[in-house]
Amino acid sequence: MKALKDKIIELKKEKNAIILAHYYQDKEIQEIADYVGDSLGLSQVAAKADNPVILFAGVHFMAETAKILNPDKKVIVPDLNAGCSLADSCSAEKFGKFVFNHPDHIVVTYVNCSAEVKALTDIVCTSSNALKIVKSIPEDRPIIFAPDKNLGKYIMEQTGRKLLLWDGSCVVHEAFSFDKLIALHKEHPEAEIIAHPESESHILKVASYVGSTAGMIDYVAKRPSHKFIVATEAGILYKMQENVPDKILIPAPSHEDNTCACSECAFMKVNTLQKVYDCLLQESPEVMVDSTVIERALIPIKRMLELS
Ligand code: 13P
Ligand code: SF4
C-alpha cells in the first residue's frame, strides 16, 4: 500500500495534478488527497484550481461540477460508475417536464444531481448552504426543490417556506433505523446525536445538530461533549476522529446490519487507491460534459458560490 501511495504522490507532482477527495472516501484515498472536504468545499477548491489535471475522488456529480467550473481542464475520476442514488432519482427528461409544468417557480437543486438537471436550475445548493440559498429567494416566489425530499422537508421546517418537492432520496441516509438509534442512545444517554440532512425527518428530530459533512466535523471538534452518535456515511469517521482523538464516535445503526453498525455508500466505495493510481497514470477515465450543458449549468453553480 505504501509503495502505491508514494507512486501516486510522485505522479501527481510530475503531472501537476490536484487530487480532491470527499469525506466519504476510504482513509487511504483521503491520505493522498490535496484537499478533503464536503461538496461545497470541494466545488470552491475546484473553482480556484489552476492545475491542468483534476483527479476527483468522490462521485460522478461532484466531478461533473468540477468539470463545469473548469471546462478547459482535464477532470478524471477513478471509476465512472461512482454514481449517486439521489442523482439517479432525477432524470433530466422527467425533471424538465416537471419544471415546464411549473413555470412560475424558482428552481433550486441540491448539488447531488446531474449536469443536465443543473442546466434546468436557477440556483444550486449543498447541504452547507441550502437554508441560506432558500432564504435568499423573495418570499412571494414559489420554489421547486429537487432531488432530495428529506433535505427539502428539513428546509421547509427550518425556514417556514413551502417547497414543491421532487421525490428523491439517498439510499444510505434512509437506511438508518430510528428504533435502533433510540435504543443505542439509551445505552449512551450522554452522547449527542448528529445527523446529515439527507436523513429522514424522525432521525433529524432527535439530533442535536443537523448539517453537512464539514459542519458535523466542526461541531464535534467544538462541542465539549465527549461522545457522539453519527448519522451519516461511515467514511466521515476518519477525519472526524483525527480531529478529536480522545472523543468517542459511534456510527448510527442502519436497518439491515446487525453485525456492523456502519453505513457505507457503495457508490463512493467503488473508488480504490489502485484505481486512483491507474487513473492518474492514464489520465482516464475523463469526465465529459456537453459544452451547451456546461454553459447553462455554470450559471446556477456560480450563483451558489457567490452566495456562499
Ligand atoms: P456533503 O455536502 O455534506 O458533503 O454531502 C454530500 C453527500 O453526498 C451526502 O450524502
Ligand atoms: Fe449519493 Fe447518498 Fe452516496 Fe451521498 S451517500 S453520494 S447522497 S448515494
# chains A, B, ... in the order shown; residues from 1 in each chain; ligands from 1
>>> select_by_dssp(residues="stretch 4-246 of chain A", states="strand (DSSP E or B)", output="PyMOL selection string")
chain A and resi 17-22+35-37+53-57+74-76+106-110+123-125+143-146+148+163-165+168+176+192-195+209-210+227-231
>>> write_last_selection(atoms="C-alpha atoms", output="compact mmCIF listing (two decimals), in the first residue's frame")
# COMPACT_ATOMS: atom_id res chain seq x y z
CA ALA A 17 -2.36 17.33 -10.89
CA ILE A 18 -4.53 18.11 -7.88
CA ILE A 19 -6.40 15.33 -6.05
CA LEU A 20 -9.71 16.30 -4.46
CA ALA A 21 -11.48 13.79 -2.22
CA HIS A 22 -14.80 13.69 -0.40
CA TYR A 35 -7.90 18.63 -0.30
CA VAL A 36 -10.59 16.63 1.50
CA GLY A 37 -13.96 18.28 2.01
CA VAL A 53 -5.42 17.86 -14.33
CA ILE A 54 -8.01 17.47 -11.54
CA LEU A 55 -8.45 13.97 -10.15
CA PHE A 56 -11.78 13.84 -8.35
CA ALA A 57 -12.20 11.03 -5.81
CA LYS A 74 -8.90 17.52 -17.69
CA VAL A 75 -11.14 16.18 -14.91
CA ILE A 76 -10.51 12.50 -14.28
CA ILE A 106 -37.73 29.27 -8.93
CA VAL A 107 -35.81 26.01 -9.38
CA VAL A 108 -33.40 25.12 -6.57
CA THR A 109 -31.48 21.88 -6.91
CA TYR A 110 -29.29 20.12 -4.42
CA ILE A 123 -29.70 28.11 -8.23
CA VAL A 124 -27.78 25.13 -6.89
CA CYS A 125 -27.23 24.45 -3.19
CA ILE A 143 -39.90 27.21 -5.22
CA ILE A 144 -39.23 23.77 -6.69
CA PHE A 145 -36.69 21.80 -4.67
CA ALA A 146 -35.03 18.66 -6.08
CA ASP A 148 -33.78 15.19 -2.10
CA LEU A 163 -41.30 23.92 -1.38
CA LEU A 164 -42.58 21.80 -4.22
CA LEU A 165 -40.50 18.65 -3.67
CA GLY A 168 -35.78 11.51 -4.42
CA PHE A 176 -30.78 4.46 9.43
CA GLU A 192 -25.11 13.77 21.26
CA ILE A 193 -26.82 12.56 18.09
CA ILE A 194 -25.66 14.41 14.98
CA ALA A 195 -27.12 13.85 11.52
CA TYR A 209 -27.02 19.03 15.30
CA VAL A 210 -28.02 18.71 11.64
CA LYS A 227 -19.44 11.11 22.86
CA PHE A 228 -21.38 11.39 19.58
CA ILE A 229 -23.68 9.12 17.59
CA VAL A 230 -23.02 9.98 13.96
CA ALA A 231 -25.80 9.56 11.38
>>> residues_around(residues="stretch 238-240 of chain A", least_positions_apart="3", cutoff="8 Å", atoms="only C-alpha atoms", output="list in words")
Tyr23, Lys27, Ile217, Val220, Ala221, Gly235, Asn243 and Val244 of chain A
>>> residues_near_ligand(ligand="ligand 1", cutoff="7 Å", atoms="only C-alpha atoms and all ligand atoms", output="number ranges by chain")
A: 22-23, 37-40, 112, 126-128, 170, 196, 198, 212-214, 233
>>> select_by_dssp(residues="stretch 21-108 of chain A", states="helix (DSSP H, G or I)", output="number ranges by chain")
A: 27-32, 39-48, 60-69, 85-88, 92-100
>>> write_last_selection(atoms="C-alpha atoms", output="PDB file, in the first residue's frame")
ATOM      1  CA  LYS A  27      -8.859   6.617   4.536  1.00  0.00           C
ATOM      2  CA  GLU A  28      -6.074   5.650   2.056  1.00  0.00           C
ATOM      3  CA  ILE A  29      -7.550   7.959  -0.576  1.00  0.00           C
ATOM      4  CA  GLN A  30      -8.069  10.829   1.874  1.00  0.00           C
ATOM      5  CA  GLU A  31      -4.414  10.482   2.910  1.00  0.00           C
ATOM      6  CA  ILE A  32      -3.043  11.178  -0.594  1.00  0.00           C
ATOM      7  CA  SER A  39     -19.499  19.116  -1.592  1.00  0.00           C
ATOM      8  CA  LEU A  40     -19.376  22.878  -1.093  1.00  0.00           C
ATOM      9  CA  GLY A  41     -15.697  22.979  -0.083  1.00  0.00           C
ATOM     10  CA  LEU A  42     -14.776  20.723  -2.983  1.00  0.00           C
ATOM     11  CA  SER A  43     -16.547  22.921  -5.526  1.00  0.00           C
ATOM     12  CA  GLN A  44     -14.940  26.043  -4.019  1.00  0.00           C
ATOM     13  CA  VAL A  45     -11.470  24.490  -4.318  1.00  0.00           C
ATOM     14  CA  ALA A  46     -12.247  23.189  -7.830  1.00  0.00           C
ATOM     15  CA  ALA A  47     -13.299  26.707  -8.855  1.00  0.00           C
ATOM     16  CA  LYS A  48      -9.867  28.062  -7.874  1.00  0.00           C
ATOM     17  CA  HIS A  60     -19.825  11.462 -10.579  1.00  0.00           C
ATOM     18  CA  PHE A  61     -21.957  14.565  -9.940  1.00  0.00           C
ATOM     19  CA  MET A  62     -19.119  16.074  -7.858  1.00  0.00           C
ATOM     20  CA  ALA A  63     -16.580  15.536 -10.654  1.00  0.00           C
ATOM     21  CA  GLU A  64     -19.072  16.955 -13.164  1.00  0.00           C
ATOM     22  CA  THR A  65     -19.359  20.108 -11.039  1.00  0.00           C
ATOM     23  CA  ALA A  66     -15.550  20.415 -11.128  1.00  0.00           C
ATOM     24  CA  LYS A  67     -15.641  19.990 -14.934  1.00  0.00           C
ATOM     25  CA  ILE A  68     -18.376  22.632 -15.317  1.00  0.00           C
ATOM     26  CA  LEU A  69     -16.187  25.034 -13.326  1.00  0.00           C
ATOM     27  CA  SER A  85     -28.946   7.283  -5.740  1.00  0.00           C
ATOM     28  CA  LEU A  86     -30.162  10.854  -5.355  1.00  0.00           C
ATOM     29  CA  ALA A  87     -28.780  11.991  -8.701  1.00  0.00           C
ATOM     30  CA  ASP A  88     -30.188   8.826 -10.319  1.00  0.00           C
ATOM     31  CA  ALA A  92     -33.265  15.435 -16.855  1.00  0.00           C
ATOM     32  CA  GLU A  93     -36.123  14.338 -19.095  1.00  0.00           C
ATOM     33  CA  LYS A  94     -38.663  13.936 -16.257  1.00  0.00           C
ATOM     34  CA  PHE A  95     -37.342  16.918 -14.367  1.00  0.00           C
ATOM     35  CA  GLY A  96     -37.561  19.091 -17.484  1.00  0.00           C
ATOM     36  CA  LYS A  97     -41.286  18.266 -17.767  1.00  0.00           C
ATOM     37  CA  PHE A  98     -41.808  18.982 -14.074  1.00  0.00           C
ATOM     38  CA  VAL A  99     -40.124  22.400 -14.394  1.00  0.00           C
ATOM     39  CA  PHE A 100     -42.057  23.132 -17.588  1.00  0.00           C
TER      40      PHE A 100
END
>>> atom_distance(atom1="atom CA of A:Glu200", atom2="atom CA of A:Asn150")
5.6 Å
>>> residues_around(residues="stretch 177-185 of chain A", least_positions_apart="4", cutoff="7 Å", atoms="only C-alpha atoms", output="PyMOL selection string")
chain A and resi 189+191+203+252-255
>>> write_last_selection(atoms="N, CA and C atoms", output="compact mmCIF listing (two decimals), in the first residue's frame")
# COMPACT_ATOMS: atom_id res chain seq x y z
N PRO A 189 -26.71 7.65 27.01
CA PRO A 189 -27.54 8.86 27.11
C PRO A 189 -26.73 10.15 27.09
N ALA A 191 -24.37 10.78 25.02
CA ALA A 191 -23.91 11.06 23.64
C ALA A 191 -24.85 12.03 22.94
N ILE A 203 -35.30 10.98 12.23
CA ILE A 203 -33.90 10.93 12.70
C ILE A 203 -33.44 12.36 13.02
N ALA A 252 -24.23 5.64 13.61
CA ALA A 252 -25.65 5.34 13.82
C ALA A 252 -25.98 4.00 13.16
N PRO A 253 -26.85 3.21 13.79
CA PRO A 253 -27.16 1.88 13.23
C PRO A 253 -28.14 1.96 12.06
N SER A 254 -27.95 1.08 11.10
CA SER A 254 -28.90 1.02 9.98
C SER A 254 -29.83 -0.17 10.14
N HIS A 255 -30.91 -0.20 9.34
CA HIS A 255 -31.94 -1.24 9.46
C HIS A 255 -31.37 -2.64 9.34
>>> residues_around(residues="A:Ser291", least_positions_apart="2", cutoff="12 Å", atoms="only C-alpha atoms", output="list in words")
Lys67, Ile68, Leu69, Asn70, Pro71, Asp72, Ala115, Glu116, Ala119, Met288, Val289, Val293, Ile294, Glu295, Arg296, Ala297 and Leu298 of chain A
>>> write_last_selection(atoms="C-alpha atoms", output="PDB file, in the first residue's frame")
ATOM      1  CA  LYS A  67     -15.641  19.990 -14.934  1.00  0.00           C
ATOM      2  CA  ILE A  68     -18.376  22.632 -15.317  1.00  0.00           C
ATOM      3  CA  LEU A  69     -16.187  25.034 -13.326  1.00  0.00           C
ATOM      4  CA  ASN A  70     -13.073  24.046 -15.335  1.00  0.00           C
ATOM      5  CA  PRO A  71     -14.191  23.250 -18.885  1.00  0.00           C
ATOM      6  CA  ASP A  72     -10.675  23.593 -20.303  1.00  0.00           C
ATOM      7  CA  ALA A 115     -25.120  18.369 -15.045  1.00  0.00           C
ATOM      8  CA  GLU A 116     -28.233  18.218 -17.276  1.00  0.00           C
ATOM      9  CA  ALA A 119     -28.771  23.118 -16.576  1.00  0.00           C
ATOM     10  CA  MET A 288     -17.040  14.851 -20.216  1.00  0.00           C
ATOM     11  CA  VAL A 289     -19.916  17.321 -20.188  1.00  0.00           C
ATOM     12  CA  VAL A 293     -24.866  21.951 -20.783  1.00  0.00           C
ATOM     13  CA  ILE A 294     -21.708  23.449 -19.224  1.00  0.00           C
ATOM     14  CA  GLU A 295     -22.683  26.933 -20.323  1.00  0.00           C
ATOM     15  CA  ARG A 296     -26.177  26.613 -18.806  1.00  0.00           C
ATOM     16  CA  ALA A 297     -25.203  24.671 -15.645  1.00  0.00           C
ATOM     17  CA  LEU A 298     -22.413  27.106 -14.767  1.00  0.00           C
TER      18      LEU A 298
END
>>> closest_residue(among="A:Glu264, A:Asp290, A:Asp34, A:Glu10", to="ligand 2", atoms="only C-alpha atoms and all ligand atoms")
A:Glu264
>>> closest_residue(among="A:Leu120, A:Ala266, A:Met156, A:Ile137", to="ligand 2", atoms="only C-alpha atoms and all ligand atoms")
A:Ala266
>>> closest_residue(among="A:Lys247, A:Arg303, A:Lys275, A:Lys149", to="ligand 2", atoms="only C-alpha atoms and all ligand atoms")
A:Lys149
>>> closest_residue(among="A:Glu190, A:Tyr277, A:Pro224, A:Asp122", to="A:Lys302", atoms="only C-alpha atoms")
A:Asp122
